file structure.txt (compact mmCIF, C-alpha atoms and all ligand atoms)
# COMPACT_ATOMS: atom_id res chain seq x y z
CA MET P 5 27.99 -8.14 -14.87
CA ASP P 6 31.43 -6.75 -15.75
CA ALA P 7 33.50 -5.13 -13.05
CA HIS P 8 36.46 -2.82 -13.70
CA LYS P 9 38.78 -1.33 -11.14
CA LEU P 10 39.18 2.36 -12.06
CA PHE P 11 41.52 3.42 -9.29
CA ASP P 12 43.55 1.65 -6.63
CA ASP P 13 45.81 3.70 -4.44
CA GLY P 14 44.86 3.55 -0.79
CA HIS P 15 41.22 3.43 -1.74
CA GLN P 16 39.50 1.83 -4.72
CA TRP P 17 36.94 2.74 -7.36
CA TYR P 18 34.98 0.04 -9.19
CA VAL P 19 32.52 0.31 -12.02
CA PHE P 20 29.92 -2.40 -12.65
CA GLY P 21 27.95 -2.61 -15.85
CA ARG P 22 27.40 -4.26 -19.22
CA ASP P 23 25.19 -6.84 -17.49
CA PRO P 24 24.55 -9.63 -20.03
CA GLU P 25 21.73 -11.00 -17.85
CA LYS P 26 19.67 -7.87 -17.64
CA PRO P 27 16.27 -7.97 -19.39
CA GLU P 28 16.66 -6.75 -22.97
CA LYS P 29 14.47 -3.65 -22.88
CA ILE P 30 16.14 -2.23 -19.80
CA LEU P 31 18.59 0.60 -20.36
CA ASP P 32 22.14 -0.42 -19.49
CA THR P 33 23.54 1.38 -16.45
CA ASN P 34 26.91 1.85 -14.79
CA GLN P 35 27.02 1.39 -11.04
CA TYR P 36 30.03 2.54 -9.04
CA MET P 37 31.54 1.56 -5.73
CA ILE P 38 34.21 3.38 -3.76
CA VAL P 39 35.93 1.27 -1.11
CA ASP P 40 37.85 3.10 1.59
CA GLY P 41 38.98 0.57 4.20
CA GLN P 42 35.96 -0.42 6.23
CA ARG P 43 33.64 2.08 4.59
CA SER P 44 32.24 1.80 1.10
CA ILE P 45 29.71 3.74 -0.89
CA LEU P 46 27.63 2.67 -3.87
CA LEU P 47 26.96 5.45 -6.39
CA ASP P 48 23.63 5.06 -8.21
CA PRO P 49 23.11 1.44 -7.13
CA GLY P 50 20.67 0.84 -9.98
CA GLY P 51 17.21 -0.46 -10.74
CA ILE P 52 15.45 -3.36 -9.08
CA GLU P 53 16.12 -5.57 -12.12
CA VAL P 54 19.89 -5.42 -11.65
CA PHE P 55 19.80 -5.79 -7.86
CA SER P 56 20.68 -9.51 -7.68
CA THR P 57 23.62 -9.16 -10.04
CA MET P 58 24.83 -5.99 -8.37
CA LEU P 59 24.69 -7.48 -4.89
CA ALA P 60 26.63 -10.55 -6.00
CA SER P 61 29.14 -8.37 -7.87
CA VAL P 62 29.92 -5.98 -5.02
CA LEU P 63 30.26 -8.72 -2.41
CA LYS P 64 33.14 -10.09 -4.43
CA TYR P 65 35.14 -7.00 -3.44
CA VAL P 66 33.75 -5.91 -0.11
CA ASN P 67 32.28 -7.40 3.07
CA ILE P 68 28.63 -6.61 3.55
CA GLU P 69 29.18 -4.86 6.90
CA HIS P 70 31.59 -2.48 5.18
CA LEU P 71 28.92 -1.28 2.75
CA THR P 72 27.91 1.74 4.77
CA ASP P 73 26.64 4.35 2.32
CA LEU P 74 24.54 4.73 -0.80
CA PHE P 75 24.36 7.73 -3.07
CA ALA P 76 21.63 8.53 -5.58
CA SER P 77 22.44 11.31 -8.05
CA HIS P 78 18.69 11.81 -8.51
CA GLN P 79 15.36 10.02 -8.19
CA ASP P 80 15.09 8.08 -11.46
CA PRO P 81 14.13 4.36 -11.43
CA ASP P 82 17.32 3.30 -13.21
CA ILE P 83 19.25 4.96 -10.37
CA ILE P 84 17.54 3.79 -7.23
CA SER P 85 14.43 1.62 -7.71
CA SER P 86 16.44 -1.18 -6.03
CA LEU P 87 16.25 0.78 -2.75
CA GLY P 88 13.59 -1.49 -1.18
CA MET P 89 15.98 -4.43 -1.65
CA TRP P 90 19.13 -2.70 -0.36
CA ASP P 91 17.05 -1.62 2.60
CA GLN P 92 16.79 -5.27 3.63
CA VAL P 93 20.44 -6.22 3.14
CA LEU P 94 21.97 -2.97 4.42
CA PRO P 95 19.60 -1.90 7.19
CA ASP P 96 22.24 0.21 8.95
CA SER P 97 23.40 2.18 5.94
CA SER P 98 22.70 5.78 4.90
CA LEU P 99 21.39 7.10 1.61
CA HIS P 100 22.70 10.44 0.40
CA CYS P 101 20.47 12.21 -2.07
CA SER P 102 18.98 15.62 -2.73
CA GLY P 103 16.67 16.71 0.07
CA ILE P 104 13.90 17.48 -2.39
CA TRP P 105 13.53 13.82 -3.35
CA GLU P 106 13.11 12.21 0.05
CA GLY P 107 9.31 11.96 -0.02
CA PHE P 108 9.46 10.61 -3.57
CA ILE P 109 12.29 8.11 -3.18
CA ARG P 110 10.66 6.58 -0.12
CA HIS P 111 8.05 5.20 -2.53
CA PHE P 112 10.68 2.62 -3.51
CA GLY P 113 10.47 1.26 0.04
CA MET P 114 12.78 2.37 2.82
CA ASP P 115 12.11 1.09 6.35
CA ASN P 116 15.65 0.86 7.71
CA ILE P 117 18.12 2.92 5.73
CA GLN P 118 18.69 6.47 6.97
CA TYR P 119 18.00 9.27 4.50
CA LYS P 120 20.73 11.93 4.56
CA PRO P 121 19.43 14.87 2.54
CA ILE P 122 21.96 16.90 0.56
CA ALA P 123 21.33 20.65 0.54
CA ASP P 124 20.96 22.42 -2.82
CA THR P 125 24.38 24.01 -2.28
CA GLY P 126 26.11 20.59 -2.11
CA GLY P 127 27.77 18.55 0.57
CA HIS P 128 30.74 16.54 1.70
CA LEU P 129 31.11 12.99 2.93
CA ARG P 130 34.08 11.75 4.88
CA LEU P 131 34.76 8.03 4.45
CA GLU P 132 37.73 6.50 6.26
CA SER P 133 40.76 8.19 4.74
CA ILE P 134 39.20 10.23 1.95
CA GLY P 135 36.50 12.84 1.49
CA LEU P 136 33.96 13.05 -1.34
CA ASP P 137 32.28 16.21 -2.60
CA PHE P 138 28.64 16.22 -3.62
CA ILE P 139 28.72 18.78 -6.43
CA PRO P 140 25.44 20.48 -7.36
CA ALA P 141 24.33 19.57 -10.87
CA HIS P 142 20.71 20.70 -10.69
CA TYR P 143 18.59 20.36 -13.82
CA MET P 144 21.27 18.09 -15.29
CA HIS P 145 18.80 16.48 -15.93
CA SER P 146 16.86 16.20 -12.69
CA SER P 147 15.77 19.24 -10.69
CA GLY P 148 17.57 17.96 -7.57
CA ASN P 149 20.78 16.46 -8.92
CA PHE P 150 24.34 15.89 -7.67
CA ASN P 151 27.68 14.65 -9.02
CA VAL P 152 30.34 13.05 -6.83
CA TYR P 153 33.90 14.27 -6.99
CA ASP P 154 36.83 12.44 -5.47
CA PRO P 155 39.76 14.91 -5.41
CA LYS P 156 42.31 12.24 -4.54
CA ALA P 157 41.40 9.84 -7.35
CA LYS P 158 40.44 12.77 -9.60
CA ILE P 159 37.31 10.98 -10.68
CA LEU P 160 34.01 12.77 -11.26
CA PHE P 161 30.87 10.65 -11.18
CA SER P 162 28.64 12.73 -13.43
CA GLY P 163 25.30 10.88 -13.28
CA ASP P 164 23.37 11.24 -16.52
CA VAL P 165 25.76 13.90 -17.88
CA GLY P 166 28.05 12.30 -20.43
CA ALA P 167 25.66 9.40 -20.93
CA ALA P 168 25.50 7.58 -24.25
CA LEU P 169 22.94 5.21 -25.69
CA GLU P 170 24.83 2.32 -27.24
CA PRO P 171 24.21 -1.33 -28.07
CA PRO P 172 25.03 -3.81 -25.30
CA GLY P 173 28.60 -4.96 -24.78
CA THR P 174 30.40 -1.73 -25.76
CA PRO P 175 33.82 -1.08 -24.17
CA MET P 176 34.08 0.74 -20.83
CA PHE P 177 36.06 3.75 -22.12
CA VAL P 178 35.65 6.13 -25.03
CA GLU P 179 38.22 5.15 -27.64
CA ASN P 180 37.44 7.61 -30.43
CA PHE P 181 35.73 10.78 -29.20
CA GLU P 182 34.57 11.99 -32.61
CA ARG P 183 32.84 8.69 -33.27
CA HIS P 184 31.32 8.65 -29.78
CA ILE P 185 29.51 11.97 -30.30
CA GLU P 186 26.63 10.46 -32.25
CA SER P 187 25.77 8.11 -29.35
CA MET P 188 25.55 11.08 -26.97
CA ARG P 189 23.87 13.80 -29.01
CA PHE P 190 20.21 12.80 -28.76
CA PHE P 191 20.47 11.87 -25.10
CA HIS P 192 21.85 15.27 -24.12
CA GLN P 193 19.60 17.30 -26.39
CA ARG P 194 16.47 15.53 -25.19
CA TRP P 195 17.15 14.75 -21.50
CA MET P 196 19.01 17.92 -20.54
CA PRO P 197 16.40 20.66 -20.17
CA SER P 198 18.31 23.92 -19.84
CA ASN P 199 21.19 25.69 -21.61
CA GLU P 200 21.52 27.96 -18.59
CA ALA P 201 21.90 25.04 -16.17
CA LYS P 202 24.34 23.43 -18.58
CA ALA P 203 26.55 26.55 -18.72
CA HIS P 204 26.45 26.76 -14.94
CA TRP P 205 27.49 23.13 -14.59
CA ILE P 206 30.34 23.41 -17.12
CA LYS P 207 31.74 26.48 -15.37
CA ARG P 208 31.74 24.63 -12.06
CA ILE P 209 33.22 21.42 -13.46
CA ARG P 210 36.02 23.18 -15.37
CA LYS P 211 37.48 24.22 -12.02
CA LEU P 212 38.00 20.58 -11.00
CA ASP P 213 41.04 18.47 -11.77
CA ILE P 214 39.53 15.43 -13.49
CA ASP P 215 41.26 12.31 -14.84
CA ILE P 216 38.11 10.27 -15.37
CA LEU P 217 34.59 11.51 -16.02
CA ALA P 218 32.29 8.63 -15.17
CA PRO P 219 28.66 8.77 -16.34
CA GLN P 220 25.80 6.47 -15.31
CA HIS P 221 25.23 5.19 -18.88
CA GLY P 222 27.67 4.36 -21.64
CA ARG P 223 31.40 4.84 -21.79
CA LEU P 224 33.69 6.68 -19.40
CA PHE P 225 35.94 9.58 -20.47
CA LYS P 226 39.61 9.56 -19.64
CA GLY P 227 42.42 12.11 -19.95
CA LYS P 228 41.98 14.53 -22.88
CA ASP P 229 38.52 13.15 -23.66
CA VAL P 230 37.23 14.82 -20.48
CA GLN P 231 38.02 18.29 -21.92
CA ARG P 232 36.77 17.20 -25.33
CA PHE P 233 33.48 16.26 -23.77
CA LEU P 234 33.15 19.58 -21.90
CA ASP P 235 33.95 21.54 -25.10
CA TRP P 236 31.47 19.56 -27.16
CA PHE P 237 28.74 19.81 -24.53
CA GLU P 238 29.32 23.54 -24.11
CA GLN P 239 28.32 24.29 -27.71
CA LEU P 240 25.39 21.83 -27.77
CA ASP P 241 21.88 23.28 -27.74
CA VAL P 242 19.72 21.33 -25.27
CA GLY P 243 16.04 21.18 -24.33
CA SER P 244 15.11 19.96 -27.80
CA ALA P 245 11.52 18.83 -27.10
CA ILE P 246 10.15 22.37 -27.04
CA LYS P 247 12.12 23.67 -30.00
CA MET G 9 10.39 -19.29 -6.53
CA GLN G 10 8.68 -17.52 -9.42
CA HIS G 11 5.67 -19.65 -8.60
CA VAL G 12 5.49 -18.40 -5.01
CA SER G 13 5.66 -14.77 -6.15
CA SER G 14 2.91 -15.16 -8.71
CA GLN G 15 0.79 -16.99 -6.12
CA ILE G 16 1.14 -13.99 -3.79
CA ALA G 17 0.42 -11.63 -6.67
CA SER G 18 -2.89 -13.43 -7.34
CA GLN G 19 -3.70 -13.28 -3.63
CA THR G 20 -3.14 -9.55 -3.61
CA ALA G 21 -5.35 -9.11 -6.64
CA ALA G 22 -8.00 -11.38 -5.09
CA SER G 23 -8.17 -9.43 -1.82
CA ALA G 24 -8.36 -6.12 -3.68
CA THR G 25 -11.20 -7.59 -5.78
CA ILE G 26 -13.04 -8.71 -2.63
CA SER G 27 -12.66 -5.23 -1.19
CA GLY G 28 -14.19 -3.79 -4.37
CA HIS G 29 -17.15 -6.22 -4.26
CA LEU G 30 -17.84 -5.42 -0.64
CA PHE G 31 -17.77 -1.73 -1.37
CA ARG G 32 -20.46 -2.24 -4.02
CA ALA G 33 -22.40 -4.51 -1.64
CA SER G 34 -22.37 -1.73 0.97
CA LEU G 35 -23.85 0.70 -1.57
CA ILE G 36 -26.69 -1.74 -2.28
CA ALA G 37 -27.19 -2.23 1.47
CA LYS G 38 -27.62 1.54 1.78
CA ARG G 39 -30.38 1.47 -0.82
CA MET G 40 -31.86 -1.49 0.99
CA ALA G 41 -31.96 0.48 4.24
CA LEU G 42 -33.79 3.24 2.42
CA ALA G 43 -36.31 0.74 1.05
CA ALA G 44 -36.79 -0.67 4.54
CA LYS G 45 -37.49 2.82 5.90
CA ASN G 46 -40.01 3.45 3.14
CA SER G 47 -41.75 0.18 3.81
CA ARG G 48 -42.04 1.08 7.50
CA ALA G 49 -43.67 4.39 6.61
CA MET G 50 -46.03 2.63 4.24
CA VAL G 51 -46.95 0.05 6.88
CA LEU G 52 -47.73 2.78 9.38
CA ARG G 53 -50.01 4.47 6.85
CA ALA G 54 -51.77 1.18 6.10
CA GLY G 55 -52.62 0.99 9.80
CA ALA G 56 -54.46 -2.01 11.25
CA LYS G 57 -54.66 -3.77 7.89
CA ALA G 58 -50.85 -4.08 7.85
CA ALA G 59 -50.24 -4.73 11.55
CA GLY G 60 -48.49 -8.00 10.74
CA LEU G 61 -46.07 -6.19 8.48
CA LYS G 62 -44.75 -3.84 11.10
CA VAL G 63 -42.53 -6.45 12.75
CA ILE G 64 -41.23 -7.53 9.37
CA SER G 65 -40.34 -4.06 8.20
CA ASP G 66 -38.62 -3.33 11.52
CA TYR G 67 -36.63 -6.47 11.00
CA PHE G 68 -35.67 -5.36 7.45
CA ASP G 69 -34.54 -2.04 8.74
CA GLU G 70 -32.35 -3.67 11.34
CA LEU G 71 -30.97 -6.19 8.84
CA ALA G 72 -30.09 -3.45 6.36
CA GLY G 73 -28.23 -1.54 9.09
CA LYS G 74 -26.30 -4.66 10.08
CA THR G 75 -25.47 -5.38 6.46
CA ILE G 76 -24.07 -1.91 5.92
CA ARG G 77 -21.90 -2.16 9.03
CA LEU G 78 -20.68 -5.64 8.21
CA SER G 79 -19.94 -4.92 4.56
CA ARG G 80 -17.87 -1.91 5.62
CA LEU G 81 -16.01 -4.09 8.09
CA ILE G 82 -15.36 -6.75 5.45
CA ASN G 83 -14.19 -4.09 3.04
CA GLN G 84 -11.67 -3.05 5.69
CA SER G 85 -10.61 -6.67 6.37
CA ALA G 86 -10.05 -7.20 2.67
CA ILE G 87 -7.88 -4.08 2.48
CA THR G 88 -5.85 -5.29 5.47
CA ILE G 89 -5.37 -8.64 3.76
CA SER G 90 -4.35 -6.93 0.56
CA ARG G 91 -1.78 -4.89 2.48
CA THR G 92 -0.38 -7.96 4.24
CA SER G 93 -0.29 -9.71 0.92
CA VAL G 94 1.69 -6.89 -0.72
CA ARG G 95 4.15 -6.96 2.18
CA GLN G 96 4.50 -10.71 1.76
CA TRP G 97 4.92 -10.30 -1.97
CA ARG G 98 7.70 -7.75 -1.57
CA THR G 99 9.47 -9.89 1.01
CA GLN G 100 9.24 -12.90 -1.27
CA THR G 101 10.59 -10.85 -4.19
CA PHE G 102 13.49 -9.80 -2.00
CA LEU G 103 14.18 -13.40 -0.96
CA ASP G 104 14.07 -14.56 -4.59
CA ARG G 105 16.56 -11.89 -5.61
CA LEU G 106 18.77 -12.61 -2.64
CA ALA G 107 18.83 -16.30 -3.53
CA LYS G 108 19.93 -15.38 -7.06
CA SER G 109 22.82 -13.36 -5.67
CA GLN G 110 23.81 -16.13 -3.30
CA ALA G 111 23.89 -18.64 -6.14
CA ARG G 112 26.55 -16.53 -7.85
CA LEU G 113 28.86 -16.20 -4.89
CA GLU G 114 31.48 -18.40 -3.30
CA PRO G 115 30.14 -20.02 -0.10
CA SER G 116 32.27 -17.75 2.10
CA GLN G 117 30.89 -14.59 0.43
CA SER G 118 27.37 -15.93 0.19
CA GLN G 119 27.31 -16.67 3.94
CA GLN G 120 27.25 -12.92 4.64
CA LEU G 121 23.72 -12.81 3.30
CA ASN G 122 22.40 -15.58 5.53
CA VAL G 123 21.39 -13.24 8.36
CA ALA G 124 19.36 -10.98 6.07
CA ALA G 125 17.75 -14.05 4.48
CA ALA G 126 16.88 -15.59 7.86
CA ASN G 127 15.44 -12.29 9.15
CA ARG G 128 13.22 -11.85 6.15
CA GLN G 129 12.19 -15.49 6.18
CA LEU G 130 11.05 -15.03 9.78
CA PHE G 131 9.19 -11.85 8.84
CA LEU G 132 7.56 -13.72 5.99
CA SER G 133 6.31 -16.49 8.25
CA HIS G 134 4.89 -13.86 10.67
CA GLN G 135 3.12 -12.29 7.73
CA MET G 136 1.77 -15.68 6.69
CA HIS G 137 0.37 -16.26 10.18
CA SER G 138 -1.32 -12.85 10.24
CA LEU G 139 -2.68 -13.53 6.80
CA GLN G 140 -4.16 -16.85 7.93
CA ARG G 141 -5.80 -15.13 10.92
CA GLN G 142 -7.17 -12.33 8.77
CA LEU G 143 -8.49 -14.86 6.24
CA ILE G 144 -10.39 -16.83 8.86
CA GLU G 145 -11.99 -13.61 10.06
CA LEU G 146 -12.90 -12.62 6.53
CA LYS G 147 -14.37 -16.03 5.80
CA ASP G 148 -16.59 -15.79 8.91
CA GLN G 149 -17.70 -12.27 8.05
CA LEU G 150 -18.59 -13.30 4.50
CA ALA G 151 -20.55 -16.29 5.82
CA ASP G 152 -22.44 -13.98 8.21
CA ILE G 153 -23.45 -11.52 5.54
CA HIS G 154 -24.44 -14.40 3.27
CA GLN G 155 -26.66 -15.65 6.09
CA TYR G 156 -28.24 -12.19 6.48
CA MET G 157 -29.14 -12.14 2.81
CA GLN G 158 -30.64 -15.61 3.02
CA SER G 159 -32.91 -14.48 5.87
CA SER G 160 -33.69 -11.27 4.08
CA ASN G 161 -34.97 -13.31 1.12
CA VAL G 162 -37.12 -15.48 3.34
CA VAL G 163 -38.56 -12.44 5.07
CA ALA G 164 -39.31 -10.81 1.71
CA VAL G 165 -41.47 -13.80 0.83
CA THR G 166 -43.42 -13.51 4.10
CA PHE G 167 -43.75 -9.77 3.50
CA ARG G 168 -45.27 -10.38 0.10
CA LEU G 169 -47.77 -12.88 1.54
CA GLU G 170 -48.82 -10.50 4.29
CA ALA G 171 -49.13 -7.67 1.76
CA THR G 172 -52.06 -9.46 0.07
CA GLN G 173 -54.20 -8.44 3.08
CA THR G 174 -53.55 -4.72 2.79
CA GLY G 175 -56.13 -3.64 0.19
CA GLU G 176 -55.08 -0.54 -1.73
CA PHE G 177 -51.55 -0.70 -0.27
CA ARG G 178 -50.97 -4.15 -1.72
CA PRO G 179 -49.28 -3.20 -5.04
CA MET G 180 -46.86 -0.81 -3.38
CA LEU G 181 -45.96 -3.19 -0.59
CA GLU G 182 -45.53 -6.07 -3.02
CA ASN G 183 -43.31 -3.90 -5.08
CA MET G 184 -41.26 -3.08 -2.03
CA ALA G 185 -40.89 -6.75 -1.16
CA GLU G 186 -39.68 -7.35 -4.68
CA THR G 187 -37.09 -4.57 -4.41
CA ILE G 188 -35.73 -5.87 -1.13
CA SER G 189 -35.56 -9.39 -2.45
CA GLN G 190 -33.71 -8.17 -5.58
CA GLN G 191 -31.25 -6.17 -3.50
CA SER G 192 -30.56 -9.14 -1.25
CA ASN G 193 -29.81 -11.25 -4.30
CA ASP G 194 -27.46 -8.59 -5.68
CA ILE G 195 -25.56 -8.42 -2.42
CA LYS G 196 -25.47 -12.21 -2.26
CA ALA G 197 -23.93 -12.31 -5.73
CA HIS G 198 -21.10 -10.02 -4.58
CA ILE G 199 -20.59 -12.17 -1.50
CA THR G 200 -20.51 -15.42 -3.48
CA THR G 201 -17.94 -13.96 -5.91
CA SER G 202 -15.89 -12.85 -2.93
CA GLN G 203 -16.11 -16.27 -1.31
CA ASN G 204 -14.94 -17.86 -4.55
CA LYS G 205 -11.97 -15.48 -4.66
CA LEU G 206 -10.85 -16.92 -1.33
CA SER G 207 -9.74 -20.03 -3.21
CA TYR G 208 -6.71 -18.01 -4.41
CA PHE G 209 -5.44 -18.13 -0.87
CA GLN G 210 -5.34 -21.90 -0.58
CA ALA G 211 -1.64 -22.59 -0.90
FE FE Q 1 18.02 10.14 -15.05
FE FE Q 2 20.04 7.47 -15.97
call {"tool": "encode", "arguments": {"input": "structure.txt", "output": "structure tokens", "more": "lines below"}}
Ligand SMILES: [Fe+2]
Ligand SMILES: [Fe+2]
result
Amino acid sequence: MDAHKLFDDGHQWYVFGRDPEKPEKILDTNQYMIVDGQRSILLDPGGIEVFSTMLASVLKYVNIEHLTDLFASHQDPDIISSLGMWDQVLPDSSLHCSGIWEGFIRHFGMDNIQYKPIADTGGHLRLESIGLDFIPAHYMHSSGNFNVYDPKAKILFSGDVGAALEPPGTPMFVENFERHIESMRFFHQRWMPSNEAKAHWIKRIRKLDIDILAPQHGRLFKGKDVQRFLDWFEQLDVGSAIK
Amino acid sequence: MQHVSSQIASQTAASATISGHLFRASLIAKRMALAAKNSRAMVLRAGAKAAGLKVISDYFDELAGKTIRLSRLINQSAITISRTSVRQWRTQTFLDRLAKSQARLEPSQSQQLNVAAANRQLFLSHQMHSLQRQLIELKDQLADIHQYMQSSNVVAVTFRLEATQTGEFRPMLENMAETISQQSNDIKAHITTSQNKLSYFQA
């Protein structure tokens, strides 16, 4: 599994993905880790099939006792079906996720980890030297859905928003936005259910100062491509299955 | 490693199958109890001519009751085993995946996972001990119910012989003996299949 350092100034952001060992029919995912001294958080730690690789990858950068928190943007299997495994290696950690999903997510197996429900209005998590904002992104695509914003690194982890379906081994960052559109269109039209929720999300996100927009699938957006993405998404009609 | 997981998967499937067979056996036992009650009523109506049959039909009634209780108990035991087996399966899956991670890491990094591995390994061996205990209990219960059905067959034969003395009640009582004997055989078939499934547990 590839690992890229996205940010390194007092605290660090890593992205893990493009796993060449993952079974072929499994959708490729990006997993993120924020390391802040002796506290670290995994954002969307991934499905059970990538657990072994993910565990080995993160331990290259962090000691296991410093992995204190997990975040799940929503309840999907590609996000958090590895929970039953993390539960055994990180018994003292906490999982931050929408309160509405607790009874559902526990089906993945959770005997030790503490569930910290995030209210619909959002939340905040203090690590060692930095704070992270859990930004509401409901119905984007899941009904209880959050993004993570790091104001110091100016990185927004956007979950499934900004995702692209591309062949394995594609680069980590968008290089040509116009060409990237075709890999995103179907995903957003089909998985995002509501134009109203989309408009709400865009309005909220436009207020943030973002250098990198980091989705859970496909390439990351950097610099001007962040605005390009928001502009493109704003005019896209979503909820295509009932049209 | 893969082998261990698939062995546990077959165990889980086997115990769930046993539970299903015992559920069906308990339904037959219920019908058997009904047949036993009918035969008692019939024997009472036949009066003196069927005096010898009274003891036998009482025995049937009692046997049917015991069979129902035991098959419910076995059904429960099989579910417990299935649950233990799933727990074992998940733990083994975890250990397999942990080993894969450890293989990729430098010894100093990989060491950090030793505690989790040791804990789970201990848990797994506890689970294996419970499973062994539960299996012995299940084996005994299956043997008991098998024994009941054997006696029930023998008694059905005696019942049929005695029925020849009962004049106009004979065809009905013979018929009843036949039903009980058939039901015992049906239950026995479920038990035998279940006993064969136990071979999946021999590691
Ligand atoms: Fe999703
Ligand atoms: Fe996803």
call {"tool": "closest_residue", "arguments": {"input": "structure.txt", "among": "P:His8, P:His142, P:His15, P:His70", "to": "chain G", "atoms": "all atoms listed in the file"}}
result
P:His70
call {"tool": "closest_residue", "arguments": {"input": "structure.txt", "among": "P:Gln92, P:Thr72, P:Ser77, P:Thr33", "to": "chain G", "atoms": "only C-alpha atoms"}}
result
P:Gln92
call {"tool": "interface_residues", "arguments": {"input": "structure.txt", "of": "chain P", "to": "chain G", "cutoff": "9 Å", "atoms": "only C-alpha atoms", "output": "PyMOL selection string"}}
result
chain P and resi 55-61+63-64+67-69+88-89+92-94
call {"tool": "atom_distance", "arguments": {"input": "structure.txt", "atom1": "CA of Lys202 (chain P)", "atom2": "CA of Asp235 (chain P)"}}
result
11.8 Å
call {"tool": "atom_distance", "arguments": {"input": "structure.txt", "atom1": "CA of Gln158 (chain G)", "atom2": "CA of Asn193 (chain G)"}}
result
8.6 Å
call {"tool": "closest_residue", "arguments": {"input": "structure.txt", "among": "P:Phe112, P:Trp236, P:Trp205, P:Tyr143", "to": "ligand FE 1 (chain Q)", "atoms": "only C-alpha atoms and all ligand atoms"}}
result
P:Tyr143
call {"tool": "residues_near_ligand", "arguments": {"input": "structure.txt", "ligand": "ligand FE 1 (chain Q)", "cutoff": "10 Å", "atoms": "all atoms listed in the file", "output": "count of residues only"}}
result
19
call {"tool": "closest_residue", "arguments": {"input": "structure.txt", "among": "P:Leu47, P:Ile134, P:Leu31, P:Met114", "to": "ligand FE 2 (chain Q)", "atoms": "only C-alpha atoms and all ligand atoms"}}
result
P:Leu31
call {"tool": "closest_residue", "arguments": {"input": "structure.txt", "among": "P:Lys211, P:His204, P:Arg223, P:Lys9", "to": "Glu238 (chain P)", "atoms": "only C-alpha atoms"}}
result
P:His204
call {"tool": "closest_residue", "arguments": {"input": "structure.txt", "among": "P:Phe225, P:Phe191, P:Tyr65, P:Phe20", "to": "ligand FE 2 (chain Q)", "atoms": "only C-alpha atoms and all ligand atoms"}}
result
P:Phe191
call {"tool": "atom_distance", "arguments": {"input": "structure.txt", "atom1": "CA of Thr200 (chain G)", "atom2": "CA of Gln84 (chain G)"}}
result
17.8 Å
call {"tool": "axis_aligned_box", "arguments": {"input": "structure.txt", "around": "region 75-85 of chain P", "padding_each_side": "6 Å", "output": "AutoDock Vina command-line options"}}
result
--center_x 19.2 --center_y 6.7 --center_z -8.1 --size_x 22.2 --size_y 22.2 --size_z 22.1
call {"tool": "residues_near_point", "arguments": {"input": "structure.txt", "point": "(-20.1, -2.7, 4.5)", "cutoff": "8 Å", "atoms": "all atoms listed in the file", "output": "PyMOL selection string"}}
result
chain G and resi 30-31+33-35+37+75-83
call {"tool": "decode", "arguments": {"input": "structure.txt", "residues": "region 37-44 of chain G", "atoms": "N, CA, C and O atoms", "output": "CSV table (one decimal), in the first residue's frame"}}
result
chain,number,residue,atom,x,y,z
G,37,ALA,N,-41.2,-35.2,17.6
G,37,ALA,CA,-41.4,-35.6,19.0
G,37,ALA,C,-42.8,-35.1,19.5
G,37,ALA,O,-43.5,-35.8,20.2
G,38,LYS,N,-43.1,-33.9,19.1
G,38,LYS,CA,-44.4,-33.3,19.5
G,38,LYS,C,-45.6,-34.2,18.9
G,38,LYS,O,-46.5,-34.4,19.6
G,39,ARG,N,-45.4,-34.5,17.6
G,39,ARG,CA,-46.5,-35.4,17.0
G,39,ARG,C,-46.5,-36.7,17.7
G,39,ARG,O,-47.6,-37.3,17.8
G,40,MET,N,-45.3,-37.2,18.1
G,40,MET,CA,-45.2,-38.5,18.7
G,40,MET,C,-46.0,-38.4,20.1
G,40,MET,O,-46.7,-39.4,20.4
G,41,ALA,N,-45.8,-37.3,20.8
G,41,ALA,CA,-46.5,-37.2,22.1
G,41,ALA,C,-48.0,-37.2,21.9
G,41,ALA,O,-48.7,-37.8,22.7
G,42,LEU,N,-48.5,-36.6,20.8
G,42,LEU,CA,-49.9,-36.6,20.5
G,42,LEU,C,-50.4,-38.0,20.2
G,42,LEU,O,-51.4,-38.5,20.7
G,43,ALA,N,-49.6,-38.7,19.4
G,43,ALA,CA,-49.9,-40.1,19.1
G,43,ALA,C,-50.0,-41.0,20.4
G,43,ALA,O,-50.9,-41.8,20.5
G,44,ALA,N,-49.0,-40.7,21.3
G,44,ALA,CA,-49.0,-41.5,22.5
G,44,ALA,C,-50.3,-41.2,23.3
G,44,ALA,O,-50.9,-42.1,23.9
